[in-house]
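Raw final.cif, mmCIF, C-alpha atoms:
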```cif
data_my_file
loop_
_atom_site.label_atom_id
_atom_site.label_comp_id
_atom_site.auth_asym_id
_atom_site.auth_seq_id
_atom_site.Cartn_x
_atom_site.Cartn_y
_atom_site.Cartn_z
CA MET M 1235 0.00 0.00 0.00
CA ASP M 1236 1.15 3.54 -0.70
CA SER M 1237 2.38 5.69 2.16
CA PRO M 1238 0.47 8.91 2.90
CA LEU M 1239 3.31 10.97 1.39
CA GLU M 1240 3.30 8.79 -1.72
CA ARG M 1241 -0.45 9.41 -2.09
CA LEU M 1242 0.24 13.12 -1.67
CA ARG M 1243 2.82 12.94 -4.46
CA HIS M 1244 0.24 11.34 -6.75
CA GLU M 1245 -2.36 13.97 -5.81
CA LEU M 1246 0.05 16.83 -6.59
CA GLU M 1247 1.07 15.24 -9.89
CA ASP M 1248 -2.61 14.80 -10.78
CA ALA M 1249 -3.37 18.43 -9.88
CA ILE M 1250 -0.57 19.69 -12.13
CA GLY M 1251 -1.20 17.20 -14.92
CA SER M 1252 0.51 18.19 -18.15
CA ALA M 1253 -0.08 21.91 -17.62
CA GLY M 1254 2.36 24.25 -19.23
CA PRO M 1255 3.92 27.39 -17.77
CA SER M 1256 1.07 29.69 -18.84
CA ALA M 1257 -1.57 27.53 -17.12
CA LEU M 1258 0.56 27.35 -13.96
CA ALA M 1259 0.88 31.15 -13.95
CA GLN M 1260 -2.90 31.77 -13.64
CA ALA M 1261 -4.14 33.16 -10.32
CA PRO M 1262 -6.76 35.46 -8.87
CA GLU M 1263 -5.55 38.94 -7.97
CA GLY M 1264 -3.36 38.88 -4.87
CA LYS M 1265 -3.15 35.08 -4.72
CA TRP M 1266 -0.30 32.71 -5.51
CA ASN M 1267 -0.42 30.96 -8.86
CA ALA M 1268 0.09 27.19 -9.16
CA ALA M 1269 3.83 27.56 -9.82
CA GLN M 1270 4.21 29.65 -6.65
CA ILE M 1271 2.18 27.10 -4.67
CA LEU M 1272 4.51 24.35 -5.88
CA GLU M 1273 7.54 26.42 -4.87
CA HIS M 1274 5.96 27.00 -1.45
CA LEU M 1275 5.48 23.24 -1.01
CA PHE M 1276 9.06 22.58 -2.12
CA LEU M 1277 10.32 25.12 0.44
CA THR M 1278 8.27 23.53 3.23
CA TYR M 1279 9.75 20.11 2.44
CA LYS M 1280 13.27 21.56 2.21
CA ASN M 1281 12.93 23.34 5.56
CA THR M 1282 11.53 20.23 7.23
CA ASN M 1283 14.51 18.29 5.86
CA ARG M 1284 16.95 20.88 7.23
CA ALA M 1285 15.41 20.70 10.69
CA MET M 1286 15.45 16.88 10.66
CA ALA M 1287 19.12 16.92 9.62
CA LYS M 1288 19.85 19.05 12.70
CA CYS M 1289 18.03 16.53 14.92
CA VAL M 1290 20.05 13.66 13.47
CA GLU M 1291 23.31 15.64 13.64
CA GLN M 1292 22.74 16.48 17.31
CA GLY M 1293 21.45 12.99 18.05
CA ALA M 1294 18.41 14.38 19.84
CA PRO M 1295 15.01 15.92 19.14
CA LEU M 1296 14.82 19.71 18.99
CA ALA M 1297 11.22 20.08 20.13
CA THR M 1298 10.18 22.56 22.80
CA ARG M 1299 7.07 22.54 25.01
CA ALA M 1300 3.79 23.29 23.25
CA THR M 1301 1.59 26.19 24.23
CA VAL M 1302 -2.15 25.68 24.61
CA THR M 1303 -2.71 27.54 21.33
CA GLN M 1304 -0.24 25.26 19.54
CA ARG M 1305 -1.90 22.15 20.99
CA VAL M 1306 -5.30 23.28 19.73
CA ALA M 1307 -3.90 24.19 16.30
CA ALA M 1308 -2.05 20.86 16.01
CA PHE M 1309 -5.22 18.96 16.98
CA LEU M 1310 -7.26 20.77 14.32
CA VAL M 1311 -4.71 20.15 11.57
CA VAL M 1312 -3.23 16.76 12.46
CA ASN M 1313 -6.25 15.01 13.99
CA LEU M 1314 -9.15 16.66 12.16
CA GLY M 1315 -7.41 17.52 8.88
CA TYR M 1316 -8.62 21.12 9.07
CA LEU M 1317 -6.26 23.75 7.68
CA PRO M 1318 -7.68 27.25 8.12
CA GLU M 1319 -7.63 29.56 5.09
CA GLY M 1320 -5.86 32.89 5.06
CA ARG M 1321 -2.83 32.12 7.24
CA GLU M 1322 0.22 33.92 5.90
CA ALA M 1323 3.16 31.63 5.22
CA PRO M 1324 6.40 32.22 7.13
CA GLU M 1325 8.94 34.16 5.07
CA ARG M 1326 11.28 31.16 4.73
CA VAL M 1327 8.60 29.25 2.80
CA THR M 1328 7.23 32.15 0.76
CA PRO M 1329 7.85 31.74 -2.99
CA ARG M 1330 10.82 33.74 -4.29
CA GLY M 1331 10.49 33.12 -8.03
CA MET M 1332 12.33 29.83 -8.42
CA PRO M 1333 12.16 28.76 -12.09
CA LEU M 1334 9.16 26.49 -12.70
CA GLU M 1335 11.13 23.67 -14.31
CA GLU M 1336 13.55 23.65 -11.37
CA VAL M 1337 10.65 23.45 -8.90
CA LYS M 1338 8.99 20.64 -10.86
CA ARG M 1339 12.29 18.72 -10.97
CA ALA M 1340 13.09 19.22 -7.26
CA LEU M 1341 9.66 18.82 -5.64
CA VAL M 1342 9.26 15.02 -5.69
CA PRO M 1343 12.86 14.21 -4.64
CA GLU M 1344 12.54 16.66 -1.72
CA LEU M 1345 9.22 15.08 -0.71
CA GLN M 1346 10.76 11.60 -0.88
CA LYS M 1347 13.79 12.75 1.12
CA MET M 1348 11.42 14.13 3.74
CA GLY M 1349 9.55 10.82 3.96
CA ALA M 1350 12.79 8.91 4.46
CA GLY M 1351 13.97 11.46 7.04
CA LEU M 1352 10.74 11.19 9.01
CA ASP M 1353 11.04 7.40 8.97
CA ASP M 1354 14.64 7.71 10.21
CA CYS M 1355 13.70 10.11 13.02
CA GLU M 1356 10.87 7.80 14.07
CA ARG M 1357 13.31 4.86 14.29
CA ARG M 1358 15.94 6.88 16.14
CA PHE M 1359 13.78 8.76 18.62
CA GLY M 1360 10.58 6.68 18.81
CA PRO M 1361 7.12 7.20 17.36
CA GLN M 1362 5.80 9.16 20.36
CA THR M 1363 8.72 11.60 20.56
CA LYS M 1364 8.15 15.18 19.49
CA ILE M 1365 11.11 15.71 17.17
CA MET M 1366 10.96 19.40 16.22
CA ASP M 1367 8.69 22.42 16.19
CA HIS M 1368 6.38 23.61 13.44
CA PRO M 1369 6.17 27.44 13.32
CA PHE M 1370 2.41 27.47 14.11
CA LEU M 1371 1.64 24.00 15.45
CA GLY M 1372 4.56 23.65 17.84
CA PRO M 1373 6.29 20.33 18.58
CA LEU M 1374 5.24 17.36 16.45
CA THR M 1375 6.17 13.69 16.25
CA ALA M 1376 7.39 12.25 12.93
CA GLY M 1377 3.90 10.83 12.34
CA GLU M 1378 2.32 14.19 13.06
CA TRP M 1379 4.76 15.85 10.65
CA ARG M 1380 3.66 13.36 7.98
CA LYS M 1381 0.00 14.13 8.66
CA PHE M 1382 0.63 17.88 8.63
CA HIS M 1383 2.38 17.70 5.26
CA CYS M 1384 -0.43 15.57 3.83
CA VAL M 1385 -3.15 17.97 5.04
CA HIS M 1386 -1.11 20.98 3.89
CA GLY M 1387 -0.30 19.41 0.51
CA ARG M 1388 -3.92 18.38 -0.17
CA HIS M 1389 -5.02 21.91 0.73
CA HIS M 1390 -2.63 23.31 -1.87
CA ALA M 1391 -3.48 20.61 -4.46
CA ARG M 1392 -7.11 21.83 -4.24
CA GLN M 1393 -5.91 25.39 -4.79
CA ILE M 1394 -3.86 24.32 -7.82
CA ARG M 1395 -6.91 22.58 -9.31
CA GLN M 1396 -8.99 25.72 -8.72
CA ARG M 1397 -6.37 27.95 -10.36
CA MET M 1398 -6.30 25.66 -13.37
CA GLY M 1399 -10.08 25.28 -13.60
CA LYS M 1400 -10.09 21.59 -12.65
CA SER M 1401 -12.31 21.73 -9.58
#
```

In structure tokens, write the structure found in this file.
Amino acid sequence: MDSPLERLRHELEDAIGSAGPSALAQAPEGKWNAAQILEHLFLTYKNTNRAMAKCVEQGAPLATRATVTQRVAAFLVVNLGYLPEGREAPERVTPRGMPLEEVKRALVPELQKMGAGLDDCERRFGPQTKIMDHPFLGPLTAGEWRKFHCVHGRHHARQIRQRMGKS
């Protein structure tokens, strides 16, 4: 059976389809286009991979204690699959204009690297161990990171379909 991140990969590939650069550049005023959404996803995977590499390098999780607000937010996203609209992305994962072909080439390998890294952290630190902090959700386990990225990726796959008139 496919892993959740593998299903996400298929969903993103389906959302993009064989669209060319002009179709991926369509967006409502003030919103990201599909190419920018893909770059945003790539940057989230890349940043998750960097943080996991630090955990492995230090040989210990980097998670802090969660606030009540973070616990509620994590429950909504990870357990209920609800990702609120309108939240502004942190600057480090805001699209910067990476060339579309580069994003399309790098996205899947970065997603696969993240899946392998989460598996590694789960083996090293245990499935119940909070390994590192999400900027809004606070400390998450490897499994919760997987769920977050699936909910987040599906949210953006829907947006890509909308931008391209597929919904």

Exercise for the section: Quick one: everything within 6 Å of stretch 1326-1330 of chain M, counting all atoms listed in the file, minus sequence neighbours fewer than 4 positions away in the same chain. Send it as number ranges by chain. Expected result: M: 1270, 1273-1274, 1277-1278

Give me the residues within 6 Å of stretch 1375-1377 of chain M as a compact mmCIF listing (two decimals) with C-alpha atoms, in the coordinates of the input, counting only C-alpha atoms and dropping any in the same chain fewer than 6 places off.
```txt
# COMPACT_ATOMS: atom_id res chain seq x y z
CA LEU M 1352 10.74 11.19 9.01
CA GLU M 1356 10.87 7.80 14.07
CA THR M 1363 8.72 11.60 20.56
CA LYS M 1364 8.15 15.18 19.49
CA ILE M 1365 11.11 15.71 17.17
```

Residues picked by the PyMOL selection byres ((chain M and resi 1367) around 10) here, as a PDB file with C-alpha atoms, keeping the file's coordinate frame?
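Okay, result31.pdb is ready:
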```
ATOM      1  CA  THR M1282      11.530  20.230   7.230  1.00  0.00           C
ATOM      2  CA  ALA M1285      15.410  20.700  10.690  1.00  0.00           C
ATOM      3  CA  PRO M1295      15.010  15.920  19.140  1.00  0.00           C
ATOM      4  CA  LEU M1296      14.820  19.710  18.990  1.00  0.00           C
ATOM      5  CA  ALA M1297      11.220  20.080  20.130  1.00  0.00           C
ATOM      6  CA  THR M1298      10.180  22.560  22.800  1.00  0.00           C
ATOM      7  CA  ARG M1299       7.070  22.540  25.010  1.00  0.00           C
ATOM      8  CA  ALA M1300       3.790  23.290  23.250  1.00  0.00           C
ATOM      9  CA  GLN M1304      -0.240  25.260  19.540  1.00  0.00           C
ATOM     10  CA  LYS M1364       8.150  15.180  19.490  1.00  0.00           C
ATOM     11  CA  ILE M1365      11.110  15.710  17.170  1.00  0.00           C
ATOM     12  CA  MET M1366      10.960  19.400  16.220  1.00  0.00           C
ATOM     13  CA  HIS M1368       6.380  23.610  13.440  1.00  0.00           C
ATOM     14  CA  PRO M1369       6.170  27.440  13.320  1.00  0.00           C
ATOM     15  CA  PHE M1370       2.410  27.470  14.110  1.00  0.00           C
ATOM     16  CA  LEU M1371       1.640  24.000  15.450  1.00  0.00           C
ATOM     17  CA  GLY M1372       4.560  23.650  17.840  1.00  0.00           C
ATOM     18  CA  PRO M1373       6.290  20.330  18.580  1.00  0.00           C
ATOM     19  CA  LEU M1374       5.240  17.360  16.450  1.00  0.00           C
ATOM     20  CA  THR M1375       6.170  13.690  16.250  1.00  0.00           C
ATOM     21  CA  TRP M1379       4.760  15.850  10.650  1.00  0.00           C
TER      22      TRP M1379
END
```

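If you measure from each of M:Cys1355, M:Cys1384, M:Gly1360, M:Trp1266 to M:Glu1322 using all atoms listed in the file, the closest one turns out to be M:Trp1266.
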
Problem - Shell around M:Lys1338 at 9 Å using all atoms listed in the file, local window under 4 positions removed, as a list in words - result: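 Everything that qualifies: Ala1269, Leu1272, Glu1273, Phe1276, Pro1333, Leu1334 and Val1342 of chain M.
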
Exercise for the section: Quick one: pull the distance between atom CA of M:Glu1319 and atom CA of M:Asn1267, Å, one decimal. Expected result: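 Pair atom CA of M:Glu1319 / atom CA of M:Asn1267 returns 15.8 Å.
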
Practice task
Carefully work through the PyMOL selection byres ((chain M and resi 1238) around 8) for this structure and note down the residues it includes, as number ranges by chain.
Solution key: M: 1236-1237, 1239-1242, 1380-1381, 1384

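Relative to atom CA of M:Glu1378, atom CA of M:Gly1293 is found at 19.8 Å.
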